[in-house]
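Below is entry31.cif, holding mmCIF, C-alpha atoms.
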```
data_target
loop_
_atom_site.label_atom_id
_atom_site.label_comp_id
_atom_site.auth_asym_id
_atom_site.auth_seq_id
_atom_site.Cartn_x
_atom_site.Cartn_y
_atom_site.Cartn_z
CA MET F 1 13.09 80.54 104.81
CA LEU F 2 15.37 79.90 101.85
CA SER F 3 18.10 78.50 104.06
CA VAL F 4 15.65 75.98 105.55
CA VAL F 5 14.49 74.90 102.09
CA ASN F 6 18.09 74.73 100.94
CA ARG F 7 19.07 72.47 103.84
CA VAL F 8 16.03 70.23 103.38
CA LEU F 9 16.67 69.83 99.65
CA LEU F 10 20.33 69.13 100.30
CA GLY F 11 19.40 66.48 102.84
CA VAL F 12 16.89 64.84 100.49
CA VAL F 13 19.41 64.76 97.63
CA GLY F 14 22.00 63.27 99.98
CA LEU F 15 19.60 60.57 101.18
CA VAL F 16 18.59 59.69 97.60
CA LEU F 17 22.22 59.43 96.50
CA ALA F 18 23.11 57.34 99.55
CA GLY F 19 20.15 55.04 98.82
CA VAL F 20 21.15 54.62 95.16
CA GLY F 21 24.71 53.88 96.25
CA ALA F 22 23.48 51.26 98.72
CA VAL F 23 21.33 49.63 96.02
CA VAL F 24 24.29 49.48 93.64
CA LEU F 25 26.62 48.08 96.29
CA ALA F 26 24.10 45.49 97.45
CA GLY F 27 23.47 44.32 93.89
CA TRP F 28 19.69 44.56 94.09
CA PRO F 29 17.56 44.89 90.96
CA PRO F 30 17.78 46.51 88.43
CA PHE F 31 21.43 45.45 88.54
CA GLY F 32 20.77 41.71 88.31
CA GLY F 33 22.68 40.58 91.38
CA ARG F 34 26.11 40.73 92.94
CA GLY F 35 27.90 39.36 89.88
CA ASP F 36 26.54 42.06 87.58
CA VAL F 37 28.67 45.11 86.89
CA LEU F 38 27.63 48.70 86.49
CA LEU F 39 29.71 49.17 83.34
CA SER F 40 30.11 46.28 80.91
CA ARG F 41 33.44 45.36 79.32
CA ALA F 42 32.40 47.09 76.07
CA ASP F 43 31.56 50.28 77.99
CA ARG F 44 34.87 50.20 79.83
CA THR F 45 37.01 49.55 76.75
CA ARG F 46 35.26 51.99 74.44
CA TRP F 47 37.71 54.77 75.40
CA ARG F 48 40.76 52.53 75.96
CA ASP F 49 42.82 54.24 73.26
CA ALA F 50 42.12 57.67 74.73
CA GLY F 51 44.41 57.65 77.77
CA TRP F 52 42.90 60.84 79.08
CA TRP F 53 39.32 59.52 79.46
CA TRP F 54 39.30 57.72 82.82
CA PRO F 55 41.60 60.18 84.60
CA ALA F 56 39.35 62.99 83.35
CA VAL F 57 36.22 61.21 84.59
CA ILE F 58 37.77 60.54 87.98
CA ALA F 59 39.03 64.13 88.26
CA ALA F 60 35.60 65.53 87.31
CA LEU F 61 33.90 63.33 89.91
CA ALA F 62 36.45 64.36 92.55
CA VAL F 63 35.86 68.06 91.79
CA LEU F 64 32.10 67.49 91.92
CA PHE F 65 32.46 65.73 95.27
CA VAL F 66 34.60 68.55 96.73
CA LEU F 67 32.16 71.21 95.51
CA ALA F 68 29.21 69.31 96.99
CA LEU F 69 31.07 68.92 100.27
CA CYS F 70 31.89 72.65 100.38
CA TRP F 71 28.25 73.49 99.64
CA PHE F 72 27.11 71.16 102.42
CA LEU F 73 29.52 72.68 104.94
CA ALA F 74 28.42 76.17 103.92
CA GLN F 75 24.85 75.20 104.79
CA LEU F 76 25.89 74.24 108.31
CA ARG F 77 27.83 77.43 108.99
CA ARG F 78 25.90 80.08 110.83
CA ARG F 79 26.40 83.44 109.27
CA ARG F 80 27.04 86.77 110.90
CA LEU F 81 24.27 89.36 110.81
CA GLN F 82 25.10 91.92 108.11
CA GLU F 83 22.64 94.67 109.00
CA VAL F 84 20.15 95.66 111.68
CA LEU F 85 16.91 97.48 110.89
CA VAL F 86 16.60 100.58 113.07
CA GLU F 87 13.13 102.12 113.50
CA THR F 88 13.28 105.85 112.83
CA GLY F 89 9.69 106.58 113.83
CA ASP F 90 8.63 107.94 110.44
CA GLY F 91 7.41 104.63 109.05
CA GLU F 92 10.63 104.12 107.15
CA GLY F 93 13.69 102.66 108.73
CA ALA F 94 17.44 102.84 108.59
CA LEU F 95 19.94 100.06 108.19
CA LEU F 96 22.77 99.81 110.67
CA ARG F 97 25.75 97.69 109.72
CA GLY F 98 26.01 94.66 111.97
CA ARG F 99 29.77 95.03 112.26
CA ALA F 100 29.33 98.58 113.54
CA LEU F 101 26.98 97.43 116.29
CA GLU F 102 29.39 94.58 117.10
CA ALA F 103 32.28 97.06 117.36
CA VAL F 104 30.33 99.29 119.76
CA LEU F 105 29.31 96.32 121.91
CA LEU F 106 32.92 95.09 121.90
CA ALA F 107 34.29 98.47 122.99
CA ASP F 108 31.68 98.79 125.74
CA ALA F 109 32.31 95.25 126.98
CA GLU F 110 36.08 95.66 127.05
CA SER F 111 35.77 98.93 128.98
CA LEU F 112 33.96 97.22 131.87
CA ASP F 113 35.83 96.60 135.11
CA GLY F 114 37.17 93.07 135.31
CA VAL F 115 37.09 92.34 131.55
CA GLU F 116 40.44 91.61 129.93
CA ARG F 117 39.21 90.73 126.42
CA ALA F 118 35.87 90.33 124.70
CA HIS F 119 34.41 88.88 121.52
CA VAL F 120 31.03 89.84 120.02
CA LEU F 121 29.04 88.26 117.20
CA LEU F 122 25.55 89.28 116.06
CA ARG F 123 23.18 86.65 114.71
CA GLY F 124 19.49 86.31 114.06
CA ARG F 125 17.30 88.46 111.86
CA ARG F 126 17.78 92.10 111.08
CA THR F 127 14.64 93.02 113.03
CA THR F 128 15.46 90.75 115.99
CA PRO F 129 19.23 90.45 116.37
CA GLU F 130 20.87 88.32 119.04
CA ALA F 131 24.31 88.91 120.50
CA ARG F 132 26.75 86.15 121.24
CA MET F 133 29.52 87.37 123.49
CA GLY F 134 32.63 85.86 125.00
CA LEU F 135 34.30 87.62 127.91
CA VAL F 136 37.72 86.80 129.31
CA LEU F 137 37.72 88.02 132.89
CA GLU F 138 40.69 89.20 134.86
CA PRO F 139 41.76 86.80 137.65
CA ARG F 140 40.16 88.78 140.48
CA ALA F 141 36.99 89.88 138.66
CA GLU F 142 33.53 89.28 140.08
CA PRO F 143 31.47 87.47 137.39
CA THR F 144 28.07 88.54 138.72
CA LEU F 145 29.08 92.21 138.93
CA THR F 146 30.58 92.04 135.45
CA LEU F 147 27.42 90.45 134.00
CA ASP F 148 25.19 92.99 135.72
CA ALA F 149 27.30 95.85 134.34
CA LEU F 150 27.28 94.29 130.88
CA ARG F 151 23.49 93.98 130.93
CA ALA F 152 22.86 97.43 132.40
CA GLU F 153 25.42 99.37 130.39
CA ALA F 154 26.63 97.80 127.15
CA LEU F 155 23.61 95.75 126.12
CA GLU F 156 21.07 98.36 127.22
CA ARG F 157 22.92 101.13 125.37
CA ALA F 158 23.11 99.03 122.18
CA ARG F 159 19.44 98.05 122.47
CA SER F 160 18.19 101.59 123.00
CA SER F 161 20.44 103.17 120.37
CA ALA F 162 19.30 100.65 117.74
CA GLY F 163 15.66 101.12 118.75
CA LEU F 164 15.15 97.45 119.53
CA GLU F 165 12.53 96.15 121.94
CA GLN F 166 14.99 93.59 123.21
CA LEU F 167 18.52 92.41 122.53
CA PRO F 168 18.98 88.88 123.84
CA ALA F 169 22.56 87.90 124.53
CA GLU F 170 24.40 84.68 125.23
CA VAL F 171 27.49 85.44 127.28
CA ARG F 172 30.26 82.95 127.90
CA LEU F 173 32.72 83.73 130.62
CA ARG F 174 36.29 82.54 131.01
CA VAL F 175 39.01 83.57 133.40
CA ALA F 176 42.33 84.71 131.98
CA ARG F 177 45.31 82.54 132.73
CA HIS F 178 47.64 83.92 135.29
CA GLY F 179 50.77 82.80 137.03
CA ALA F 180 50.76 81.62 140.59
CA GLU F 181 51.47 84.22 143.23
CA ARG F 182 54.42 83.48 145.44
CA ALA F 183 55.09 84.77 148.90
CA ARG F 184 58.55 86.11 149.64
#
```
This structure in structure tokens:
Amino acid sequence: MLSVVNRVLLGVVGLVLAGVGAVVLAGWPPFGGRGDVLLSRADRTRWRDAGWWWPAVIAALAVLFVLALCWFLAQLRRRRLQEVLVETGDGEGALLRGRALEAVLLADAESLDGVERAHVLLRGRRTTPEARMGLVLEPRAEPTLTLDALRAEALERARSSAGLEQLPAEVRLRVARHGAERAR
């Protein structure tokens, strides 16, 4: 919930700042028209003798802009699931590290016939995780057989061992590059 509020507030602040910038650039009131300036001559020359003033202001604004941009990009990034809540049956629960479950899924996926390499990422909530997997298949692998084995073995084992009702997975398949075969 906090991430949604954070993104909404960031969007509102961005829209307000963009609107204020458009008003200033267009010269609409309260700025008196296109000929009016944001800083008068007296305001601009007040710190003329201090050679550090304007470079410091510009540097501070640049740092502020970079920090705001980094914050914005951090809001867009989807984070990896850190822990999974495992039901123990006694009303309590245990926490399983997300990376540990990813490692087990990765090892199971790479051990399947026809899989050359795999990549696993857990997302979602700790009570309802979702797996995002990428499989690089060997050149002569059967994709349907590989997917069936992945669903029946690796995903089912991870789901049952973590005590989850379901473990949805998005699987992307690619075929490994291989050289052309030549007849002799």
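Excluding Glu156 of chain F and any residue on its chain fewer than 4 positions from it, the residues at most 12 Å away by all atoms listed in the file are Val104, Leu105, Asp108, Ala109, Asp148, Ala149, Leu150, Arg151, Ala152, Ser160, Ser161, Ala162, Gly163, Leu164, Glu165, Gln166, Leu167, Pro168 and Ala169 of chain F.
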Item checked: Of the listed residues F:Ala131, F:Val5, F:Val136, F:Val120, that which approaches Glu170 of chain F most closely, counting all atoms listed in the file -> F:Ala131
Check: Using all atoms listed in the file, which residues sit within 8 Å of Glu83 of chain F once same-chain residues fewer than 2 positions away are excluded, as a list in words?
Finding: Leu81, Leu85, Leu95, Leu96, Arg97, Gly98, Arg99 and Arg126 of chain F
Notebook entry, point to check: Of the candidates F:Cys70, F:Ala56, F:Pro129, F:Ala62, which shows the shortest atom-to-atom distance to Gln82 of chain F, using all atoms listed in the file?
Noted result: F:Pro129
Next item on the list: May I have the residues within 7 Å of Leu135 of chain F as a ChimeraX atom specification, using all atoms listed in the file and disregarding those fewer than 3 positions away in the same chain?
Entry: /F:115,117-119,172-174
